[in-house]
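What follows is a single structure, written as structure tokens, with notes after it.
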Amino acid sequence: MINNTAASNQTLGNGSAQFVVATEVAAINQISVANHNYTLTGHQQTYAHIRDMYAFVKKVHKNLTYAADWKNECIIRQVNDLKDDQNTFAQYVYVLDGDYDHSKIVEFDGKKGPKWNRRRSSEKYAKVLRWLYENGIAVEDVIRVINDFVHHLDRIKTKIAGIMRADSDNHPPTQRGRTWTGNVKNEALAAPRTFAIPAEAVAGFTTHDGFGTLVYRVVNGEVRVFCDGGATANAIVKVVTEAMAKPEDNDKADEAEPDELAQAA
């Protein structure tokens with residue numbers, strides 16, 4: 001068994017006379033397997049593993065000296081180049097956190113080798129790596145920073161969850177639009193309305209092509225609007241399409257439970 005406790009307490013990629021990409025990747029892979037298969041003892045072990053991956057990132061990211069060797073490690077582990085709208089740090093997690101399945105041989109980019117199974121449960125750490133890198137955190141401070149982190153707007157979000165939230169604040173997901181199909185939009189415009197909400201009640205809420213979705217509650221015949229329910233084209237087209245498919249539901253206003261409203265807000 002690998003002594004992963006000692007290994008993971010080393011800052012990989014620093015302090016060595018010669019940095020060899022393949023050697024460093026293999027070392028982190030070894031720790032990854034040991035952590036997940038044998039002696040994963042708690043959050044601090046995970047933080048140490050993130051630190052090791054981050055040390056590698058600090059050395060390799062945008063460093064032309066190691067570009068060819070890093071590309072080769074991606075090919076060996078069957079990891080594709082990422083698209084422009086994807087988190088570029090995800091590629092590091094794909095390569096550094098996983099294990100080979102030697103019972104399966106695959107071909108990737110002209111090279112044959114055992115199938116690489118990246119660890120899906122670790123993919124979220126790409127957001128942590130990006131936040132650490134963009135904030136210039138020193139490798140030796142990573143564990144302390146993670147342990148002490150509290151999101152400034154949502155104090156329930158701490159440590160890894162807090163850093164992921166902070167990264168999402170800096171990199172909101174790209175909203176891909178969806179087009180109206182058939183006569184759905186015209187049908188939606190022509191659908192009967194049972195009541196009208198004053199425009200000022202929804203002022204400032206985001207809409208898509210004049211349409212929007214709301215979280216509201218009906219109390220004693222009064223509509224109380226809490227917030228918008230998301231205004232991506234996908235969401236709105238889906239809502240309208242489903243509503244038009246079930247016209248009998250148009251006049252119903254379900255009353256949400258208080259705890260559901262709290263979560264939505």
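Please note that chains go A, B, ... in the order of the structure tokens, that every chain numbers its residues from 1, and that ligands are numbered from 1 in the order shown.
Residues in contact with Val139 in chain A at up to 8 Å, not including ones fewer than 3 positions away on its chain and judged by only C-alpha atoms, are Thr11, Arg51, Tyr54, Ala55 and Val142 of chain A.
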Those of range 119-229 of chain A in DSSP strand (DSSP E or B), formatted as a PyMOL selection string: chain A and resi 150+158+208+211+214-219+222-228
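Near Val145 in chain A, within 10 Å and counting only C-alpha atoms, sit Tyr47, Leu132, Ile137, Ala138, Glu140, Asp141, Phe149, Val150, Lys159, Ile160 and Ile163 of chain A; same-chain residues fewer than 4 positions away were not included.
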Written file, previous selection with C-alpha atoms, as a PDB file, in the first residue's frame:
```pdb
ATOM      1  CA  TYR A  47      -7.365  19.486   0.774  1.00  0.00           C
ATOM      2  CA  LEU A 132      -6.800  29.420  -6.254  1.00  0.00           C
ATOM      3  CA  ILE A 137      -2.762  31.706  -3.597  1.00  0.00           C
ATOM      4  CA  ALA A 138       0.656  30.327  -2.620  1.00  0.00           C
ATOM      5  CA  GLU A 140       1.947  26.388   0.959  1.00  0.00           C
ATOM      6  CA  ASP A 141      -1.174  28.375   1.956  1.00  0.00           C
ATOM      7  CA  PHE A 149     -12.755  30.202   3.701  1.00  0.00           C
ATOM      8  CA  VAL A 150     -16.244  31.639   4.252  1.00  0.00           C
ATOM      9  CA  LYS A 159     -14.325  25.696   2.727  1.00  0.00           C
ATOM     10  CA  ILE A 160     -14.620  23.835  -0.619  1.00  0.00           C
ATOM     11  CA  ILE A 163     -14.678  28.521  -2.867  1.00  0.00           C
TER      12      ILE A 163
END
```
Per-residue DSSP, range 22-193 of chain A, filtered to alpha helix (DSSP H), as a ChimeraX atom specification: /A:22-34,43-60,67-76,90-96,125-134,142-148,159-170,184-190
Contacts of His102 in chain A within 10 Å, only C-alpha atoms, excl. fewer than 5 positions in-chain, as a ChimeraX atom specification: /A:113-116
Near-range 120-131 of chain A list (10 Å; only C-alpha atoms; drop same-chain fewer than 6 positions) as a PyMOL selection string: chain A and resi 32+46+50-51+53-55+57-58+87-94+96-98+137+146+159-168+170-171
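One finds CA of Thr181 in chain A at 29.6 Å from CA of Phe226 in chain A.
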Point-to-point distance in Å for CA of Asn234 in chain A and CA of Asp154 in chain A: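 Pair CA of Asp154 in chain A / CA of Asn234 in chain A returns 27.6 Å.
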Top pick for closest residue to Phe56 in chain A, considering A:Thr232, A:Gln86, A:Gln30, A:Thr23 and counting only C-alpha atoms: A:Thr23
Distance query Thr179 in chain A at most 10 Å, only C-alpha atoms, self and fewer than 4 positions along chain excluded, as a list in words: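 Here the answer would be Lys185, Ala233, Asn234 and Val237 of chain A.
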Please produce a file of those selected residues containing C-alpha atoms, as a PDB file, in the first residue's frame.
```
ATOM      1  CA  LYS A 185     -44.735  31.780 -29.264  1.00  0.00           C
ATOM      2  CA  ALA A 233     -34.356  30.838 -23.332  1.00  0.00           C
ATOM      3  CA  ASN A 234     -34.285  27.103 -22.636  1.00  0.00           C
ATOM      4  CA  VAL A 237     -39.492  27.934 -24.034  1.00  0.00           C
TER       5      VAL A 237
END
```
Given only C-alpha atoms as the counted atoms, nearest of A:Gly182, A:Gly229, A:Gly221, A:Gly42 to Val202 in chain A: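 Nearest candidate to Val202 in chain A out of A:Gly182, A:Gly229, A:Gly221, A:Gly42: A:Gly229.
Take the candidates A:Ala68, A:Ala22, A:Asp85, A:Val225 and check each one against Glu200 in chain A using only C-alpha atoms; the shortest distance goes to A:Val225.
Shortest separation to Trp70 in chain A among A:Ala243, A:Ile31, A:Val21, A:Val106 occurs at residue A:Val21, atoms counted being only C-alpha atoms.
Pairwise distance (CA of Arg178 in chain A, CA of Thr206 in chain A) equals 16.0 Å.
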